[in-house]
Amino acid sequence: MERAATRHLYLHVPFCPTKCSYCAFVTHVGSLKLADRYIDAVCREMDRAAALRPCGPLDTVYIGGGTPSMLEPAQIERLLRRSRELWGWAADAEISLEAHPATVDEARLHGYRAAGVTRLSMGAESMRHGELAELGRSHGPETVLRVLGAARRAGFKSVGVDLMYGLPGQSVESWRRGLGSLLEARPDHISLYPLSIEPRTVFAHRERRGLLTLPPDGDVAAMYDRACRLLRSSGYEHYEIANWSLPGRRCRHNLAYWHNHEFFAAGVGAHAYLHPHRTVNLSGTRRYIERIEAGESPVAERETLDVPAALGETVVLGLRLLQEGLDLADVRDRFGAAASSAVREAALPLIARGLLVSRDERLILPERLGLLGNEVWQRFVGLNVPPAPAQVA
Ligand code: SF4
């Protein structure tokens, strides 16, 4: 079987206006002095990737960060133009840009749209003033609603909003009210993430000193349940554990991750998957630029996936898709009949306990287990797969 062409590209923009209290991403806070040199470097990294693996056209491009909306539309246009020159874009390509509400106005949004962006993903994180202050965010909920309206007028095909729950001082009721106020504006796509305390963040430091009071686990589970019910009754499809959309508005780029398809990536700290390798670029914006300017590879880590590892990833990622689930026919096509049988076998005890549902050659995680998938994932890690010709698309 021929391997499918790589049709997805991620570009990382590290610049951020301030550092949020929970954030462990690769970011470069403050000055944009390096921005033009950085964009040149990312374009050169794209040149390298395209020379190594010429294919396309791209079905999706995702510019994430960091805060890509700190860049001018002309700078975003340079990145997008280079990707299009190198690989081409499919006729209905989805081009996403992450935006911080405090960094955009109507003119800037029109500029991004003119540069080719079709989908805006806005990190609102909360719709409550006090919570936003705790998170170290420099905007209020009214800014989120204003940007949503401006994005619609600018003509984006889809506008998504991210929120977090399980925040310090948050109750189930305050969470419900915040989510409800967002739903009045009816974004096309909503991502909801439970707060996780990552090492080397402001929140981790506060937690160590006993200065962080988080809601109990039972309340966090109740927040997830409330969200599921509220979004369902508002017409949203819960298509991935943390993602809901109006019909026809799913994020195709992220679907490619969950289908475990290959993707190119460029930029500081960027992760790529070009089978059998997963790679991570070095962190440190200046070091990244210097490495590229010296004509060297920015890759800092490279993992070569064997068949059990690739299969385990495919299963765990596929089970995150709550509606379509893991397609066993796809597993068979990519990894062979023995692998598909091994997955089916491993699933049997979970099906018997109601932790998985088997339907139409698919395995599906029940929505109520969205926050409790670990027990299910463990079952598929390191599956003992008999050697078979593996073909990973
Ligand atoms: S804006 Fe996003 S990437 Fe930047 S510091 Fe905040 S959470 Fe991190």
# chains A, B, ... in the order shown; residues from 1 in each chain; ligands from 1
call {"tool": "residues_near_ligand", "arguments": {"ligand": "ligand 1", "cutoff": "8 Å", "atoms": "only C-alpha atoms and all ligand atoms", "output": "compact mmCIF listing (two decimals) with N, CA, C and O atoms, in the first residue's frame"}}
result
# COMPACT_ATOMS: atom_id res chain seq x y z
N PRO A 14 6.40 31.98 18.42
CA PRO A 14 6.59 31.92 19.88
C PRO A 14 6.25 33.22 20.62
O PRO A 14 6.19 33.20 21.84
N PHE A 15 6.06 34.32 19.90
CA PHE A 15 5.95 35.62 20.59
C PHE A 15 4.64 35.72 21.39
O PHE A 15 3.58 35.31 20.93
N CYS A 16 4.74 36.27 22.61
CA CYS A 16 3.56 36.46 23.45
C CYS A 16 3.68 37.82 24.15
O CYS A 16 4.78 38.26 24.49
N PRO A 17 2.52 38.46 24.42
CA PRO A 17 2.59 39.77 25.09
C PRO A 17 3.06 39.65 26.54
O PRO A 17 3.82 40.48 27.02
N THR A 18 2.59 38.62 27.25
CA THR A 18 3.00 38.37 28.64
C THR A 18 3.00 36.85 28.84
O THR A 18 2.52 36.12 27.98
N LYS A 19 3.53 36.39 29.96
CA LYS A 19 3.50 34.95 30.22
C LYS A 19 2.32 34.64 31.14
O LYS A 19 2.22 35.17 32.25
N CYS A 20 1.44 33.76 30.69
CA CYS A 20 0.28 33.40 31.50
C CYS A 20 0.71 32.45 32.64
O CYS A 20 1.68 31.71 32.50
N SER A 21 -0.07 32.47 33.72
CA SER A 21 0.34 31.78 34.96
C SER A 21 0.44 30.27 34.80
O SER A 21 1.10 29.60 35.58
N TYR A 22 -0.25 29.70 33.82
CA TYR A 22 -0.34 28.24 33.69
C TYR A 22 0.51 27.72 32.54
O TYR A 22 0.57 26.52 32.31
N CYS A 23 1.16 28.61 31.80
CA CYS A 23 1.67 28.25 30.48
C CYS A 23 3.06 27.61 30.52
O CYS A 23 4.00 28.17 31.09
N ALA A 24 3.18 26.45 29.84
CA ALA A 24 4.48 25.78 29.74
C ALA A 24 4.90 25.66 28.28
O ALA A 24 5.80 24.88 27.96
N PHE A 25 4.22 26.41 27.38
CA PHE A 25 4.59 26.32 25.96
C PHE A 25 5.90 27.05 25.70
O PHE A 25 6.35 27.86 26.51
N VAL A 26 6.48 26.78 24.52
CA VAL A 26 7.68 27.51 24.11
C VAL A 26 7.24 28.90 23.66
O VAL A 26 6.56 29.06 22.64
N THR A 27 7.59 29.91 24.45
CA THR A 27 7.18 31.28 24.12
C THR A 27 8.35 32.24 24.26
O THR A 27 9.34 31.95 24.93
N VAL A 29 8.60 36.10 25.31
CA VAL A 29 7.72 37.15 25.83
C VAL A 29 8.33 38.53 25.61
O VAL A 29 9.52 38.73 25.82
N GLY A 65 0.84 28.92 18.61
CA GLY A 65 1.90 29.54 19.39
C GLY A 65 1.83 29.16 20.85
O GLY A 65 1.25 28.14 21.22
N GLY A 66 2.42 30.07 21.67
CA GLY A 66 2.68 31.47 21.36
C GLY A 66 1.43 32.24 20.97
O GLY A 66 0.31 31.81 21.17
N THR A 67 1.66 33.39 20.42
CA THR A 67 0.57 34.26 20.00
C THR A 67 0.81 34.74 18.58
O THR A 67 1.38 35.82 18.36
N HIS A 100 -4.89 35.93 20.23
CA HIS A 100 -5.11 36.36 21.61
C HIS A 100 -6.03 37.57 21.51
O HIS A 100 -5.72 38.52 20.78
N GLY A 123 -7.92 32.15 21.92
CA GLY A 123 -7.70 31.70 23.30
C GLY A 123 -8.33 32.68 24.27
O GLY A 123 -7.71 33.67 24.66
N GLY A 136 -3.46 35.48 34.58
CA GLY A 136 -2.45 36.39 34.05
C GLY A 136 -2.79 36.87 32.64
O GLY A 136 -1.90 37.21 31.86
N ARG A 137 -4.07 36.90 32.33
CA ARG A 137 -4.51 37.35 30.99
C ARG A 137 -4.81 38.84 31.04
O ARG A 137 -5.30 39.36 32.04
call {"tool": "select_by_dssp", "arguments": {"residues": "segment 91-165 of chain A", "states": "helix (DSSP H, G or I)", "output": "VMD selection string"}}
result
chain A and resid 101 to 103 106 to 115 129 to 135 141 to 154
call {"tool": "residues_around", "arguments": {"residues": "His189 of chain A", "least_positions_apart": "3", "cutoff": "6 Å", "atoms": "only C-alpha atoms", "output": "PDB file with N, CA, C and O atoms, in the first residue's frame"}}
result
ATOM      1  N   GLY A 160     -13.327  29.838  16.371  1.00  0.00           N
ATOM      2  CA  GLY A 160     -13.353  28.972  17.549  1.00  0.00           C
ATOM      3  C   GLY A 160     -12.868  29.713  18.777  1.00  0.00           C
ATOM      4  O   GLY A 160     -12.132  30.703  18.674  1.00  0.00           O
ATOM      5  N   TRP A 244     -15.822  20.654  20.690  1.00  0.00           N
ATOM      6  CA  TRP A 244     -17.213  20.657  20.234  1.00  0.00           C
ATOM      7  C   TRP A 244     -17.297  21.602  19.026  1.00  0.00           C
ATOM      8  O   TRP A 244     -16.558  22.601  18.955  1.00  0.00           O
ATOM      9  N   SER A 245     -18.214  21.296  18.103  1.00  0.00           N
ATOM     10  CA  SER A 245     -18.396  22.247  16.999  1.00  0.00           C
ATOM     11  C   SER A 245     -19.843  22.231  16.541  1.00  0.00           C
ATOM     12  O   SER A 245     -20.570  21.262  16.766  1.00  0.00           O
TER      13      SER A 245
END
call {"tool": "select_by_dssp", "arguments": {"residues": "segment 78-199 of chain A", "states": "strand (DSSP E or B)", "output": "count of residues only"}}
result
32
call {"tool": "residues_around", "arguments": {"residues": "Ala124 of chain A", "least_positions_apart": "3", "cutoff": "12 Å", "atoms": "only C-alpha atoms", "output": "ChimeraX atom specification"}}
result
/A:98-103,121,127-129,131-132,135-148,159-165,178-179,182,187,190-193
call {"tool": "residues_around", "arguments": {"residues": "Tyr62 of chain A", "least_positions_apart": "5", "cutoff": "9 Å", "atoms": "only C-alpha atoms", "output": "ChimeraX atom specification"}}
result
/A:8-12,94-98,253-254
call {"tool": "write_last_selection", "arguments": {"atoms": "all heavy atoms", "output": "short mmCIF file (atom, residue, chain, number, x, y, z; two decimals), in the first residue's frame"}}
result
data_model
loop_
_atom_site.label_atom_id
_atom_site.label_comp_id
_atom_site.auth_asym_id
_atom_site.auth_seq_id
_atom_site.Cartn_x
_atom_site.Cartn_y
_atom_site.Cartn_z
N HIS A 8 -0.44 18.22 5.80
CA HIS A 8 -0.72 19.10 6.93
C HIS A 8 0.58 19.78 7.38
O HIS A 8 1.63 19.14 7.40
CB HIS A 8 -1.35 18.31 8.08
CG HIS A 8 -2.51 17.47 7.61
ND1 HIS A 8 -3.74 18.00 7.35
CD2 HIS A 8 -2.58 16.15 7.31
CE1 HIS A 8 -4.54 17.04 6.92
NE2 HIS A 8 -3.86 15.91 6.88
N LEU A 9 0.45 21.04 7.75
CA LEU A 9 1.63 21.82 8.15
C LEU A 9 1.30 22.62 9.39
O LEU A 9 0.27 23.30 9.45
CB LEU A 9 2.00 22.79 7.00
CG LEU A 9 3.04 23.85 7.32
CD1 LEU A 9 4.43 23.23 7.55
CD2 LEU A 9 3.12 24.88 6.18
N TYR A 10 2.19 22.53 10.38
CA TYR A 10 2.07 23.37 11.59
C TYR A 10 3.23 24.35 11.61
O TYR A 10 4.39 23.97 11.40
CB TYR A 10 2.11 22.49 12.86
CG TYR A 10 2.13 23.32 14.12
CD1 TYR A 10 0.96 23.87 14.62
CD2 TYR A 10 3.33 23.61 14.77
CE1 TYR A 10 0.97 24.68 15.75
CE2 TYR A 10 3.35 24.41 15.91
CZ TYR A 10 2.18 24.94 16.38
OH TYR A 10 2.19 25.74 17.49
N LEU A 11 2.93 25.62 11.88
CA LEU A 11 3.97 26.65 12.01
C LEU A 11 3.86 27.27 13.40
O LEU A 11 2.76 27.68 13.81
CB LEU A 11 3.77 27.74 10.94
CG LEU A 11 3.82 27.25 9.49
CD1 LEU A 11 3.49 28.39 8.53
CD2 LEU A 11 5.21 26.67 9.17
N HIS A 12 4.98 27.31 14.11
CA HIS A 12 4.94 27.83 15.49
C HIS A 12 5.47 29.26 15.54
O HIS A 12 6.56 29.56 15.04
CB HIS A 12 5.79 26.94 16.40
CG HIS A 12 5.60 27.27 17.86
ND1 HIS A 12 4.52 26.83 18.59
CD2 HIS A 12 6.34 28.04 18.71
CE1 HIS A 12 4.60 27.29 19.82
NE2 HIS A 12 5.70 28.03 19.92
N GLU A 94 -7.94 24.46 4.73
CA GLU A 94 -8.29 25.12 5.99
C GLU A 94 -7.01 25.77 6.53
O GLU A 94 -6.02 25.08 6.78
CB GLU A 94 -8.80 24.07 6.98
CG GLU A 94 -9.05 24.63 8.37
CD GLU A 94 -9.24 23.50 9.38
OE1 GLU A 94 -10.39 23.03 9.52
OE2 GLU A 94 -8.24 23.08 10.01
N ILE A 95 -7.03 27.08 6.69
CA ILE A 95 -5.84 27.81 7.16
C ILE A 95 -6.20 28.47 8.49
O ILE A 95 -6.97 29.44 8.53
CB ILE A 95 -5.41 28.89 6.12
CG1 ILE A 95 -5.37 28.31 4.70
CG2 ILE A 95 -4.09 29.51 6.54
CD1 ILE A 95 -4.36 27.22 4.47
N SER A 96 -5.65 27.93 9.58
CA SER A 96 -6.03 28.41 10.92
C SER A 96 -4.96 29.31 11.51
O SER A 96 -3.76 29.12 11.28
CB SER A 96 -6.20 27.22 11.87
OG SER A 96 -7.16 26.32 11.41
N LEU A 97 -5.41 30.26 12.31
CA LEU A 97 -4.49 31.14 13.03
C LEU A 97 -4.99 31.28 14.47
O LEU A 97 -6.17 31.54 14.69
CB LEU A 97 -4.46 32.53 12.37
CG LEU A 97 -3.56 33.54 13.07
CD1 LEU A 97 -2.20 33.61 12.37
CD2 LEU A 97 -4.17 34.94 13.06
N GLU A 98 -4.08 31.09 15.43
CA GLU A 98 -4.46 31.32 16.82
C GLU A 98 -4.34 32.80 17.15
O GLU A 98 -3.38 33.46 16.75
CB GLU A 98 -3.53 30.53 17.75
CG GLU A 98 -3.84 29.04 17.76
CD GLU A 98 -2.96 28.26 18.74
OE1 GLU A 98 -2.03 28.86 19.33
OE2 GLU A 98 -3.19 27.06 18.88
N HIS A 253 -7.50 20.32 10.80
CA HIS A 253 -6.09 20.15 11.14
C HIS A 253 -5.95 19.24 12.37
O HIS A 253 -5.17 18.28 12.37
CB HIS A 253 -5.43 21.50 11.42
CG HIS A 253 -3.96 21.40 11.64
ND1 HIS A 253 -3.06 21.32 10.60
CD2 HIS A 253 -3.23 21.29 12.77
CE1 HIS A 253 -1.84 21.18 11.09
NE2 HIS A 253 -1.91 21.17 12.41
N ASN A 254 -6.71 19.53 13.40
CA ASN A 254 -6.61 18.70 14.60
C ASN A 254 -7.14 17.29 14.35
O ASN A 254 -6.65 16.32 14.92
CB ASN A 254 -7.32 19.38 15.78
CG ASN A 254 -6.51 20.56 16.28
OD1 ASN A 254 -5.30 20.64 16.02
ND2 ASN A 254 -7.15 21.48 16.96
#
call {"tool": "atom_distance", "arguments": {"atom1": "atom CA of Pro68 of chain A", "atom2": "atom CA of Pro168 of chain A"}}
result
27.2 Å
call {"tool": "residues_around", "arguments": {"residues": "Thr118 of chain A", "least_positions_apart": "5", "cutoff": "12 Å", "atoms": "only C-alpha atoms", "output": "ChimeraX atom specification"}}
result
/A:60-63,80,92-98,109-113,151-152,154-160,249,251-252
call {"tool": "atom_distance", "arguments": {"atom1": "atom CA of Arg344 of chain A", "atom2": "atom CA of Gly373 of chain A"}}
result
17.3 Å
call {"tool": "atom_distance", "arguments": {"atom1": "atom CA of Ala270 of chain A", "atom2": "atom CA of Leu79 of chain A"}}
result
15.0 Å
call {"tool": "closest_residue", "arguments": {"among": "A:Lys33, A:His28, A:Arg362, A:Arg368", "to": "Ala221 of chain A", "atoms": "only C-alpha atoms"}}
result
A:Arg368
call {"tool": "closest_residue", "arguments": {"among": "A:Tyr38, A:Tyr224, A:Phe264, A:Phe335", "to": "Leu372 of chain A", "atoms": "only C-alpha atoms"}}
result
A:Tyr224
call {"tool": "residues_around", "arguments": {"residues": "Pro349 of chain A", "least_positions_apart": "6", "cutoff": "10 Å", "atoms": "only C-alpha atoms", "output": "PyMOL selection string"}}
result
chain A and resi 355-356+379
call {"tool": "closest_residue", "arguments": {"among": "A:Gly180, A:His205, A:Leu167, A:Leu71", "to": "Val220 of chain A", "atoms": "only C-alpha atoms"}}
result
A:Leu167
